[in-house]
file work-v3.cif (mmCIF, C-alpha atoms and all ligand atoms)
data_input
#
loop_
_atom_site.group_PDB
_atom_site.id
_atom_site.type_symbol
_atom_site.label_atom_id
_atom_site.label_comp_id
_atom_site.auth_asym_id
_atom_site.auth_seq_id
_atom_site.Cartn_x
_atom_site.Cartn_y
_atom_site.Cartn_z
ATOM 1 C CA MET R 21 0.000 0.000 0.000
ATOM 2 C CA ASN R 22 1.391 3.381 -0.869
ATOM 3 C CA ARG R 23 1.291 6.353 1.461
ATOM 4 C CA ALA R 24 -1.420 8.112 -0.543
ATOM 5 C CA ALA R 25 -3.725 5.088 -0.178
ATOM 6 C CA PHE R 26 -3.115 4.931 3.582
ATOM 7 C CA ASP R 27 -3.878 8.643 3.890
ATOM 8 C CA TYR R 28 -7.002 8.190 1.791
ATOM 9 C CA PHE R 29 -8.382 5.459 4.084
ATOM 10 C CA ALA R 30 -7.359 7.315 7.234
ATOM 11 C CA ASP R 31 -9.302 10.339 6.024
ATOM 12 C CA LEU R 32 -12.304 8.264 4.926
ATOM 13 C CA LEU R 33 -12.497 6.503 8.312
ATOM 14 C CA ARG R 34 -12.205 9.762 10.233
ATOM 15 C CA ARG R 35 -14.928 11.438 8.180
ATOM 16 C CA GLU R 36 -17.307 8.461 8.207
ATOM 17 C CA SER R 37 -16.901 7.221 11.766
ATOM 18 C CA GLY R 38 -14.427 9.393 13.694
ATOM 19 C CA MET R 39 -12.037 6.416 13.880
ATOM 20 C CA GLN R 40 -8.410 7.448 14.066
ATOM 21 C CA MET R 41 -5.876 5.580 11.899
ATOM 22 C CA THR R 42 -2.371 6.030 13.208
ATOM 23 C CA PRO R 43 0.637 4.780 11.180
ATOM 24 C CA GLU R 44 1.044 1.727 13.455
ATOM 25 C CA LYS R 45 -2.342 0.525 12.125
ATOM 26 C CA TYR R 46 -0.890 0.298 8.612
ATOM 27 C CA TYR R 47 -0.750 -3.511 8.607
ATOM 28 C CA LEU R 48 -4.131 -3.816 10.312
ATOM 29 C CA LEU R 49 -5.611 -1.789 7.474
ATOM 30 C CA GLU R 50 -4.025 -4.073 4.883
ATOM 31 C CA THR R 51 -5.200 -7.261 6.614
ATOM 32 C CA ARG R 52 -8.737 -6.156 7.328
ATOM 33 C CA LEU R 53 -9.376 -4.635 3.893
ATOM 34 C CA HIS R 54 -8.018 -7.656 2.046
ATOM 35 C CA PRO R 55 -11.436 -9.435 1.752
ATOM 36 C CA ILE R 56 -12.969 -6.253 0.251
ATOM 37 C CA VAL R 57 -10.080 -6.009 -2.224
ATOM 38 C CA GLN R 58 -10.818 -9.567 -3.341
ATOM 39 C CA GLN R 59 -14.550 -9.036 -3.470
ATOM 40 C CA GLN R 60 -14.197 -5.901 -5.598
ATOM 41 C CA GLY R 61 -11.645 -7.552 -7.902
ATOM 42 C CA VAL R 62 -9.185 -4.659 -7.639
ATOM 43 C CA VAL R 63 -5.394 -4.825 -7.379
ATOM 44 C CA GLY R 64 -4.441 -4.425 -3.748
ATOM 45 C CA ILE R 65 -5.322 -1.692 -1.270
ATOM 46 C CA ASP R 66 -4.092 0.944 -3.692
ATOM 47 C CA GLY R 67 -6.617 -0.346 -6.239
ATOM 48 C CA LEU R 68 -9.388 -0.156 -3.640
ATOM 49 C CA ALA R 69 -8.435 3.448 -2.851
ATOM 50 C CA SER R 70 -8.493 4.286 -6.586
ATOM 51 C CA LEU R 71 -11.904 2.642 -6.973
ATOM 52 C CA LEU R 72 -13.373 4.683 -4.128
ATOM 53 C CA ARG R 73 -11.704 7.892 -5.322
ATOM 54 C CA ARG R 74 -13.255 7.405 -8.761
ATOM 55 C CA ASP R 75 -16.634 6.518 -7.279
ATOM 56 C CA GLU R 76 -17.021 8.540 -4.068
ATOM 57 C CA GLY R 77 -20.752 7.785 -4.035
ATOM 58 C CA ASN R 78 -20.155 4.049 -3.536
ATOM 59 C CA ASN R 79 -21.758 3.916 -0.098
ATOM 60 C CA ALA R 80 -21.791 0.138 0.161
ATOM 61 C CA VAL R 81 -18.018 -0.203 -0.256
ATOM 62 C CA ARG R 82 -17.302 2.764 2.035
ATOM 63 C CA GLN R 83 -19.552 1.230 4.709
ATOM 64 C CA ALA R 84 -17.810 -2.128 4.244
ATOM 65 C CA VAL R 85 -14.452 -0.391 4.837
ATOM 66 C CA VAL R 86 -15.752 1.218 8.042
ATOM 67 C CA GLU R 87 -17.201 -2.065 9.316
ATOM 68 C CA ALA R 88 -14.001 -3.934 8.503
ATOM 69 C CA MET R 89 -11.891 -1.448 10.465
ATOM 70 C CA ALA R 90 -14.145 -1.237 13.553
ATOM 71 C CA THR R 91 -13.010 -3.220 16.589
ATOM 72 C CA ASN R 92 -16.085 -5.124 17.757
ATOM 73 C CA GLU R 93 -14.567 -6.709 20.849
ATOM 74 C CA THR R 94 -17.188 -7.182 23.585
ATOM 75 C CA SER R 95 -18.447 -9.715 26.114
ATOM 76 C CA PHE R 96 -21.246 -10.248 28.612
ATOM 77 C CA PHE R 97 -20.841 -8.145 31.785
ATOM 78 C CA ARG R 98 -17.557 -6.808 30.376
ATOM 79 C CA ASP R 99 -15.337 -5.299 33.104
ATOM 80 C CA ALA R 100 -17.936 -6.184 35.816
ATOM 81 C CA THR R 101 -17.513 -2.915 37.794
ATOM 82 C CA PRO R 102 -19.898 -0.748 35.702
ATOM 83 C CA PHE R 103 -22.605 -3.365 36.138
ATOM 84 C CA ASP R 104 -22.001 -3.482 39.911
ATOM 85 C CA ARG R 105 -22.341 0.314 39.980
ATOM 86 C CA LEU R 106 -25.476 0.185 37.924
ATOM 87 C CA ARG R 107 -27.005 -2.325 40.367
ATOM 88 C CA ASP R 108 -25.711 -0.885 43.636
ATOM 89 C CA THR R 109 -25.669 2.883 43.015
ATOM 90 C CA VAL R 110 -27.566 4.014 39.927
ATOM 91 C CA LEU R 111 -30.671 1.804 40.009
ATOM 92 C CA PRO R 112 -31.389 2.422 43.725
ATOM 93 C CA ALA R 113 -31.229 6.192 43.039
ATOM 94 C CA MET R 114 -33.528 5.808 40.040
ATOM 95 C CA THR R 115 -36.162 3.870 41.989
ATOM 96 C CA GLN R 116 -36.803 7.297 43.560
ATOM 97 C CA THR R 117 -36.179 9.725 40.701
ATOM 98 C CA ARG R 118 -38.058 7.675 38.073
ATOM 99 C CA ALA R 119 -40.897 6.586 40.399
ATOM 100 C CA ALA R 120 -43.428 9.067 39.006
ATOM 101 C CA ALA R 121 -42.681 8.172 35.379
ATOM 102 C CA GLN R 122 -42.350 4.424 36.118
ATOM 103 C CA SER R 123 -40.140 4.061 33.073
ATOM 104 C CA LEU R 124 -36.490 3.592 32.295
ATOM 105 C CA CYS R 125 -34.905 4.387 28.950
ATOM 106 C CA ILE R 126 -31.422 2.978 28.417
ATOM 107 C CA TRP R 127 -29.207 3.609 25.397
ATOM 108 C CA CYS R 128 -26.365 1.262 24.728
ATOM 109 C CA ALA R 129 -24.426 3.288 22.164
ATOM 110 C CA ALA R 130 -21.807 1.312 20.216
ATOM 111 C CA CYS R 131 -23.208 -2.004 21.467
ATOM 112 C CA ALA R 132 -21.285 -4.203 18.982
ATOM 113 C CA SER R 133 -22.922 -7.677 18.928
ATOM 114 C CA GLY R 134 -25.347 -6.910 21.758
ATOM 115 C CA GLN R 135 -23.823 -8.551 24.840
ATOM 116 C CA GLU R 136 -23.724 -5.251 26.768
ATOM 117 C CA ALA R 137 -27.407 -4.485 26.141
ATOM 118 C CA TYR R 138 -28.464 -8.017 27.083
ATOM 119 C CA SER R 139 -26.290 -7.898 30.219
ATOM 120 C CA ILE R 140 -28.210 -4.780 31.315
ATOM 121 C CA ALA R 141 -31.521 -6.510 30.546
ATOM 122 C CA LEU R 142 -30.537 -9.522 32.669
ATOM 123 C CA LEU R 143 -29.321 -7.300 35.486
ATOM 124 C CA LEU R 144 -32.685 -5.513 35.529
ATOM 125 C CA ARG R 145 -34.600 -8.775 35.571
ATOM 126 C CA GLU R 146 -32.502 -10.012 38.460
ATOM 127 C CA TYR R 147 -32.949 -6.678 40.277
ATOM 128 C CA GLY R 148 -36.693 -7.262 40.202
ATOM 129 C CA ALA R 149 -39.130 -4.715 41.672
ATOM 130 C CA PRO R 150 -39.886 -1.992 40.872
ATOM 131 C CA PHE R 151 -38.367 -2.299 37.403
ATOM 132 C CA THR R 152 -40.248 -5.482 36.525
ATOM 133 C CA GLU R 153 -43.421 -3.387 36.782
ATOM 134 C CA TRP R 154 -42.059 -0.397 34.842
ATOM 135 C CA LYS R 155 -41.740 0.281 31.157
ATOM 136 C CA VAL R 156 -38.098 -0.549 30.429
ATOM 137 C CA GLU R 157 -36.619 0.070 26.986
ATOM 138 C CA ILE R 158 -33.025 -0.782 26.134
ATOM 139 C CA THR R 159 -31.886 0.464 22.733
ATOM 140 C CA GLY R 160 -28.629 -0.844 21.320
ATOM 141 C CA THR R 161 -27.017 0.950 18.388
ATOM 142 C CA ASP R 162 -23.808 0.500 16.441
ATOM 143 C CA ILE R 163 -22.327 1.831 13.221
ATOM 144 C CA SER R 164 -21.969 -1.739 11.924
ATOM 145 C CA HIS R 165 -24.988 -3.315 10.198
ATOM 146 C CA GLY R 166 -23.386 -6.736 10.646
ATOM 147 C CA MET R 167 -23.091 -6.276 14.409
ATOM 148 C CA ILE R 168 -26.686 -5.036 14.686
ATOM 149 C CA GLU R 169 -27.971 -8.076 12.805
ATOM 150 C CA LYS R 170 -26.086 -10.353 15.172
ATOM 151 C CA ALA R 171 -27.399 -8.456 18.216
ATOM 152 C CA GLN R 172 -30.956 -8.741 16.924
ATOM 153 C CA ARG R 173 -30.625 -12.509 16.567
ATOM 154 C CA GLY R 174 -29.835 -12.867 20.276
ATOM 155 C CA VAL R 175 -27.934 -16.081 19.592
ATOM 156 C CA TYR R 176 -24.440 -16.732 20.943
ATOM 157 C CA SER R 177 -21.841 -19.458 20.701
ATOM 158 C CA GLN R 178 -20.540 -21.513 23.604
ATOM 159 C CA PHE R 179 -17.337 -19.441 23.488
ATOM 160 C CA GLU R 180 -19.281 -16.170 23.662
ATOM 161 C CA VAL R 181 -21.429 -17.180 26.636
ATOM 162 C CA GLN R 182 -18.380 -18.540 28.452
ATOM 163 C CA ARG R 183 -16.944 -15.030 28.367
ATOM 164 C CA GLY R 184 -18.721 -13.382 31.288
ATOM 165 C CA MET R 185 -22.130 -15.030 31.507
ATOM 166 C CA PRO R 186 -22.639 -16.564 34.976
ATOM 167 C CA ALA R 187 -23.815 -20.195 34.698
ATOM 168 C CA ARG R 188 -26.864 -19.467 36.829
ATOM 169 C CA LEU R 189 -28.069 -16.754 34.412
ATOM 170 C CA LEU R 190 -27.183 -18.867 31.389
ATOM 171 C CA VAL R 191 -29.525 -21.687 32.376
ATOM 172 C CA LYS R 192 -32.212 -19.265 33.541
ATOM 173 C CA TYR R 193 -32.380 -16.937 30.524
ATOM 174 C CA PHE R 194 -31.044 -18.925 27.525
ATOM 175 C CA THR R 195 -32.150 -22.047 25.716
ATOM 176 C CA GLN R 196 -29.496 -24.342 24.294
ATOM 177 C CA GLU R 197 -29.858 -25.504 20.704
ATOM 178 C CA GLU R 198 -27.008 -27.882 19.887
ATOM 179 C CA GLU R 199 -23.927 -25.606 19.650
ATOM 180 C CA ILE R 200 -25.662 -22.297 20.314
ATOM 181 C CA TRP R 201 -27.418 -20.448 23.116
ATOM 182 C CA ARG R 202 -30.559 -18.394 22.378
ATOM 183 C CA LEU R 203 -31.784 -15.641 24.685
ATOM 184 C CA ARG R 204 -35.337 -16.158 25.881
ATOM 185 C CA ASP R 205 -38.056 -13.975 24.372
ATOM 186 C CA GLU R 206 -38.787 -12.134 27.628
ATOM 187 C CA VAL R 207 -35.207 -10.768 27.620
ATOM 188 C CA ARG R 208 -35.163 -9.967 23.907
ATOM 189 C CA ALA R 209 -38.469 -8.109 24.323
ATOM 190 C CA MET R 210 -36.717 -5.589 26.596
ATOM 191 C CA THR R 211 -34.266 -4.653 23.859
ATOM 192 C CA GLN R 212 -34.259 -3.201 20.383
ATOM 193 C CA PHE R 213 -31.294 -2.728 18.084
ATOM 194 C CA ARG R 214 -30.665 -0.421 15.151
ATOM 195 C CA GLN R 215 -27.772 0.880 13.121
ATOM 196 C CA ALA R 216 -26.683 4.410 14.070
ATOM 197 C CA ASN R 217 -23.517 6.429 13.666
ATOM 198 C CA LEU R 218 -22.505 8.377 16.771
ATOM 199 C CA LEU R 219 -21.287 11.226 14.557
ATOM 200 C CA GLN R 220 -24.844 11.728 13.292
ATOM 201 C CA PRO R 221 -27.755 13.224 15.288
ATOM 202 C CA PRO R 222 -28.664 10.747 18.082
ATOM 203 C CA PRO R 223 -31.337 8.149 17.298
ATOM 204 C CA LEU R 224 -33.312 8.952 20.480
ATOM 205 C CA PRO R 225 -35.236 12.143 21.366
ATOM 206 C CA ALA R 226 -33.560 14.976 23.275
ATOM 207 C CA GLY R 227 -33.756 14.558 27.052
ATOM 208 C CA SER R 228 -35.304 11.067 26.823
ATOM 209 C CA VAL R 229 -32.535 8.770 28.071
ATOM 210 C CA ASP R 230 -31.987 7.871 31.729
ATOM 211 C CA ILE R 231 -28.901 5.682 31.396
ATOM 212 C CA VAL R 232 -26.294 5.791 28.625
ATOM 213 C CA PHE R 233 -23.645 3.132 28.160
ATOM 214 C CA CYS R 234 -21.034 4.333 25.654
ATOM 215 C CA ARG R 235 -18.052 2.191 26.492
ATOM 216 C CA ASN R 236 -14.892 1.392 24.612
ATOM 217 C CA VAL R 237 -15.624 3.402 21.501
ATOM 218 C CA LEU R 238 -14.361 6.924 22.291
ATOM 219 C CA MET R 239 -10.881 5.416 22.644
ATOM 220 C CA TYR R 240 -10.848 4.692 18.888
ATOM 221 C CA LEU R 241 -11.986 8.179 17.849
ATOM 222 C CA ASP R 242 -10.010 11.364 17.204
ATOM 223 C CA ALA R 243 -10.309 14.265 19.662
ATOM 224 C CA SER R 244 -12.844 16.350 17.749
ATOM 225 C CA SER R 245 -15.088 13.325 17.076
ATOM 226 C CA ARG R 246 -14.970 12.431 20.786
ATOM 227 C CA VAL R 247 -16.261 15.912 21.643
ATOM 228 C CA ARG R 248 -18.969 15.653 18.991
ATOM 229 C CA VAL R 249 -20.119 12.269 20.326
ATOM 230 C CA LEU R 250 -20.170 13.475 23.951
ATOM 231 C CA GLN R 251 -22.221 16.525 22.943
ATOM 232 C CA GLY R 252 -24.722 14.180 21.271
ATOM 233 C CA LEU R 253 -24.931 11.993 24.384
ATOM 234 C CA HIS R 254 -25.420 15.065 26.586
ATOM 235 C CA GLY R 255 -28.316 16.125 24.364
ATOM 236 C CA VAL R 256 -30.330 12.924 24.843
ATOM 237 C CA MET R 257 -29.701 12.897 28.612
ATOM 238 C CA HIS R 258 -31.550 14.946 31.249
ATOM 239 C CA ALA R 259 -30.647 16.192 34.726
ATOM 240 C CA GLY R 260 -31.444 12.794 36.261
ATOM 241 C CA SER R 261 -29.365 10.704 33.836
ATOM 242 C CA VAL R 262 -26.036 8.923 34.090
ATOM 243 C CA LEU R 263 -23.357 8.093 31.545
ATOM 244 C CA PHE R 264 -21.054 5.065 31.680
ATOM 245 C CA LEU R 265 -17.820 5.306 29.679
ATOM 246 C CA GLY R 266 -15.069 2.706 29.338
ATOM 247 C CA ALA R 267 -12.315 2.518 31.956
ATOM 248 C CA ALA R 268 -9.806 4.189 29.603
ATOM 249 C CA GLU R 269 -12.177 6.971 28.556
ATOM 250 C CA THR R 270 -13.138 10.353 29.975
ATOM 251 C CA ALA R 271 -15.812 13.020 29.526
ATOM 252 C CA GLY R 272 -13.458 15.663 30.905
ATOM 253 C CA GLY R 273 -12.511 18.845 29.074
ATOM 254 C CA LEU R 274 -16.093 19.757 28.207
ATOM 255 C CA GLY R 275 -16.574 22.398 30.876
ATOM 256 C CA GLU R 276 -19.704 21.945 32.973
ATOM 257 C CA MET R 277 -21.351 19.389 30.703
ATOM 258 C CA PHE R 278 -20.480 16.280 32.717
ATOM 259 C CA ARG R 279 -19.308 15.630 36.268
ATOM 260 C CA PRO R 280 -17.462 12.444 37.291
ATOM 261 C CA VAL R 281 -19.135 10.587 40.144
ATOM 262 C CA ALA R 282 -16.650 10.616 43.031
ATOM 263 C CA GLY R 283 -14.624 7.431 43.392
ATOM 264 C CA MET R 284 -16.367 5.740 40.444
ATOM 265 C CA ALA R 285 -14.134 6.019 37.387
ATOM 266 C CA GLY R 286 -16.092 5.959 34.143
ATOM 267 C CA LEU R 287 -19.423 7.026 35.694
ATOM 268 C CA TYR R 288 -20.660 10.556 34.911
ATOM 269 C CA VAL R 289 -23.719 12.676 35.600
ATOM 270 C CA ARG R 290 -24.696 15.854 33.802
ATOM 271 C CA GLY R 291 -23.429 19.148 35.203
ATOM 272 C CA ASP R 292 -27.007 19.994 36.267
ATOM 273 C CA SER R 293 -27.598 16.614 37.925
ATOM 274 C CA ILE R 294 -30.432 16.153 40.407
ATOM 275 C CA LEU R 295 -29.526 12.519 41.175
ATOM 276 C CA GLY R 296 -27.707 13.334 44.393
ATOM 277 C CA LEU R 297 -24.646 11.186 43.659
ATOM 278 C CA PRO R 298 -21.413 12.712 45.065
ATOM 279 C CA VAL R 299 -19.434 14.342 42.254
ATOM 280 C CA SER R 300 -15.811 15.370 41.802
ATOM 281 C CA PRO R 301 -14.817 18.680 40.241
ATOM 282 C CA ALA R 302 -15.134 18.598 36.400
HETATM 283 C C1 LIG N 1 -14.976 -2.286 21.178
HETATM 284 S S1 LIG N 1 -16.673 -2.239 20.690
HETATM 285 C C2 LIG N 1 -17.426 -1.830 22.228
HETATM 286 C C3 LIG N 1 -18.640 -2.688 22.514
HETATM 287 C C4 LIG N 1 -19.248 -2.481 23.896
HETATM 288 N N1 LIG N 1 -19.649 -1.111 24.107
HETATM 289 C C5 LIG N 1 -18.281 -2.916 24.968
HETATM 290 O O1 LIG N 1 -17.695 -2.086 25.658
HETATM 291 O O2 LIG N 1 -18.100 -4.128 25.140
HETATM 292 C C6 LIG N 1 -16.700 -0.673 19.803
HETATM 293 C C7 LIG N 1 -17.891 -0.557 18.860
HETATM 294 O O3 LIG N 1 -17.993 0.819 18.433
HETATM 295 C C8 LIG N 1 -18.543 0.815 17.131
HETATM 296 N N2 LIG N 1 -18.296 2.136 16.537
HETATM 297 C C9 LIG N 1 -17.131 2.650 16.077
HETATM 298 N N3 LIG N 1 -17.322 3.888 15.596
HETATM 299 C C10 LIG N 1 -18.651 4.169 15.756
HETATM 300 C C11 LIG N 1 -19.460 5.280 15.442
HETATM 301 N N4 LIG N 1 -18.958 6.385 14.873
HETATM 302 N N5 LIG N 1 -20.781 5.217 15.739
HETATM 303 C C12 LIG N 1 -21.303 4.107 16.308
HETATM 304 N N6 LIG N 1 -20.572 3.017 16.622
HETATM 305 C C13 LIG N 1 -19.270 3.045 16.348
HETATM 306 C C14 LIG N 1 -17.856 -0.346 16.461
HETATM 307 O O4 LIG N 1 -18.560 -0.814 15.343
HETATM 308 C C15 LIG N 1 -17.770 -1.369 17.593
HETATM 309 O O5 LIG N 1 -18.810 -2.314 17.520
#

call {"tool": "encode", "arguments": {"input": "work-v3.cif", "output": "structure tokens"}}
result
Amino acid sequence: MNRAAFDYFADLLRRESGMQMTPEKYYLLETRLHPIVQQQGVVGIDGLASLLRRDEGNNAVRQAVVEAMATNETSFFRDATPFDRLRDTVLPAMTQTRAAAQSLCIWCAACASGQEAYSIALLLREYGAPFTEWKVEITGTDISHGMIEKAQRGVYSQFEVQRGMPARLLVKYFTQEEEIWRLRDEVRAMTQFRQANLLQPPPLPAGSVDIVFCRNVLMYLDASSRVRVLQGLHGVMHAGSVLFLGAAETAGGLGEMFRPVAGMAGLYVRGDSILGLPVSPA
């Protein structure tokens, strides 16, 4: 791949998804785009760049490039701590603040193949009252159509359920069909999945979301895209909402928009929060 082709794909990925391609990802780019090169019948990555340059309107190939370069790593109850905080800190506070509305709207932004959204659904079912009586909606979105289709199926391999799913919950909420495990309908009914790009206007109404999970995606984006995404998340939240980011991510540097919850890395409230959780200075 020549330098011009690398620069072309780096620019395309930044514009389309915010993903940052640093020179050390040179070989990753070559490896991951190889199947598209073959499919399109062009000569190498340079040929793919030429094809897209000639035909900028080729949305399908551009989307395939974005999906190929996205890191979709995920697992059930990934990193454990955010889910403990959801159960032990956030949900108890929301039993009070959401009592009048009796509803909970959760957005799992950048949900990859759905394990995070389903983990939240299972946690809520295990939590029990009052949420079992409330209207609970968990929306999972991701830039990748392929990931969203997999999330919608709600079917996971033995390897995937072994990564993080407690055996007790596995037998309670999944049915085994030969090599695969299928989530039961009552869990799938709590969730919906759709394709959405975090650089575009959010897929949920302003001020409508109580809990946002946006973990392990900002780390792949360039600085200005990170700000743009956080502004979008802020817009769908309200003064009683919380935001979970990944352990290596921060919502700092945006003035009064978000406040970190004291002693709970990765958990944020809005600057105008009414939740009553102790916050650290922005
Ligand atoms: C590493 S996964 C994180 C999955 C899950 N949140 C977790 O922490 O386990 C990152 C996901 O972000 C998605 N992604 C990357 N850029 C995006 C964008 N601009 N808008 C929406 N999703 C994006 C990728 O497709 C990928 O599935």

call {"tool": "residues_near_ligand", "arguments": {"input": "work-v3.cif", "ligand": "ligand LIG 1 (chain N)", "cutoff": "9 Å", "atoms": "all atoms listed in the file", "output": "ChimeraX atom specification"}}
result
/R:34,36-39,86-99,128-137,161-168,215-220,233-241,245,249,265-266

call {"tool": "write_last_selection", "arguments": {"input": "work-v3.cif", "atoms": "C-alpha atoms", "output": "mmCIF file, in the frame of the given file"}}
result
data_model
loop_
_atom_site.group_PDB
_atom_site.id
_atom_site.type_symbol
_atom_site.label_atom_id
_atom_site.label_comp_id
_atom_site.auth_asym_id
_atom_site.auth_seq_id
_atom_site.Cartn_x
_atom_site.Cartn_y
_atom_site.Cartn_z
ATOM 1 C CA ARG R 34 -12.205 9.762 10.233
ATOM 2 C CA GLU R 36 -17.307 8.461 8.207
ATOM 3 C CA SER R 37 -16.901 7.221 11.766
ATOM 4 C CA GLY R 38 -14.427 9.393 13.694
ATOM 5 C CA MET R 39 -12.037 6.416 13.880
ATOM 6 C CA VAL R 86 -15.752 1.218 8.042
ATOM 7 C CA GLU R 87 -17.201 -2.065 9.316
ATOM 8 C CA ALA R 88 -14.001 -3.934 8.503
ATOM 9 C CA MET R 89 -11.891 -1.448 10.465
ATOM 10 C CA ALA R 90 -14.145 -1.237 13.553
ATOM 11 C CA THR R 91 -13.010 -3.220 16.589
ATOM 12 C CA ASN R 92 -16.085 -5.124 17.757
ATOM 13 C CA GLU R 93 -14.567 -6.709 20.849
ATOM 14 C CA THR R 94 -17.188 -7.182 23.585
ATOM 15 C CA SER R 95 -18.447 -9.715 26.114
ATOM 16 C CA PHE R 96 -21.246 -10.248 28.612
ATOM 17 C CA PHE R 97 -20.841 -8.145 31.785
ATOM 18 C CA ARG R 98 -17.557 -6.808 30.376
ATOM 19 C CA ASP R 99 -15.337 -5.299 33.104
ATOM 20 C CA CYS R 128 -26.365 1.262 24.728
ATOM 21 C CA ALA R 129 -24.426 3.288 22.164
ATOM 22 C CA ALA R 130 -21.807 1.312 20.216
ATOM 23 C CA CYS R 131 -23.208 -2.004 21.467
ATOM 24 C CA ALA R 132 -21.285 -4.203 18.982
ATOM 25 C CA SER R 133 -22.922 -7.677 18.928
ATOM 26 C CA GLY R 134 -25.347 -6.910 21.758
ATOM 27 C CA GLN R 135 -23.823 -8.551 24.840
ATOM 28 C CA GLU R 136 -23.724 -5.251 26.768
ATOM 29 C CA ALA R 137 -27.407 -4.485 26.141
ATOM 30 C CA THR R 161 -27.017 0.950 18.388
ATOM 31 C CA ASP R 162 -23.808 0.500 16.441
ATOM 32 C CA ILE R 163 -22.327 1.831 13.221
ATOM 33 C CA SER R 164 -21.969 -1.739 11.924
ATOM 34 C CA HIS R 165 -24.988 -3.315 10.198
ATOM 35 C CA GLY R 166 -23.386 -6.736 10.646
ATOM 36 C CA MET R 167 -23.091 -6.276 14.409
ATOM 37 C CA ILE R 168 -26.686 -5.036 14.686
ATOM 38 C CA GLN R 215 -27.772 0.880 13.121
ATOM 39 C CA ALA R 216 -26.683 4.410 14.070
ATOM 40 C CA ASN R 217 -23.517 6.429 13.666
ATOM 41 C CA LEU R 218 -22.505 8.377 16.771
ATOM 42 C CA LEU R 219 -21.287 11.226 14.557
ATOM 43 C CA GLN R 220 -24.844 11.728 13.292
ATOM 44 C CA PHE R 233 -23.645 3.132 28.160
ATOM 45 C CA CYS R 234 -21.034 4.333 25.654
ATOM 46 C CA ARG R 235 -18.052 2.191 26.492
ATOM 47 C CA ASN R 236 -14.892 1.392 24.612
ATOM 48 C CA VAL R 237 -15.624 3.402 21.501
ATOM 49 C CA LEU R 238 -14.361 6.924 22.291
ATOM 50 C CA MET R 239 -10.881 5.416 22.644
ATOM 51 C CA TYR R 240 -10.848 4.692 18.888
ATOM 52 C CA LEU R 241 -11.986 8.179 17.849
ATOM 53 C CA SER R 245 -15.088 13.325 17.076
ATOM 54 C CA VAL R 249 -20.119 12.269 20.326
ATOM 55 C CA LEU R 265 -17.820 5.306 29.679
ATOM 56 C CA GLY R 266 -15.069 2.706 29.338
#

call {"tool": "closest_residue", "arguments": {"input": "work-v3.cif", "among": "R:Gln40, R:Val85, R:Ile126, R:Leu263", "to": "His54 of chain R", "atoms": "all atoms listed in the file"}}
result
R:Val85

call {"tool": "closest_residue", "arguments": {"input": "work-v3.cif", "among": "R:Glu197, R:Asp242, R:Asp104, R:Asp205", "to": "Arg35 of chain R", "atoms": "all atoms listed in the file"}}
result
R:Asp242

call {"tool": "closest_residue", "arguments": {"input": "work-v3.cif", "among": "R:Asp108, R:Glu153, R:Glu199, R:Glu276", "to": "Val289 of chain R", "atoms": "only C-alpha atoms"}}
result
R:Glu276

call {"tool": "closest_residue", "arguments": {"input": "work-v3.cif", "among": "R:Arg214, R:Arg105, R:Arg173, R:Arg183", "to": "Gly160 of chain R", "atoms": "only C-alpha atoms"}}
result
R:Arg214
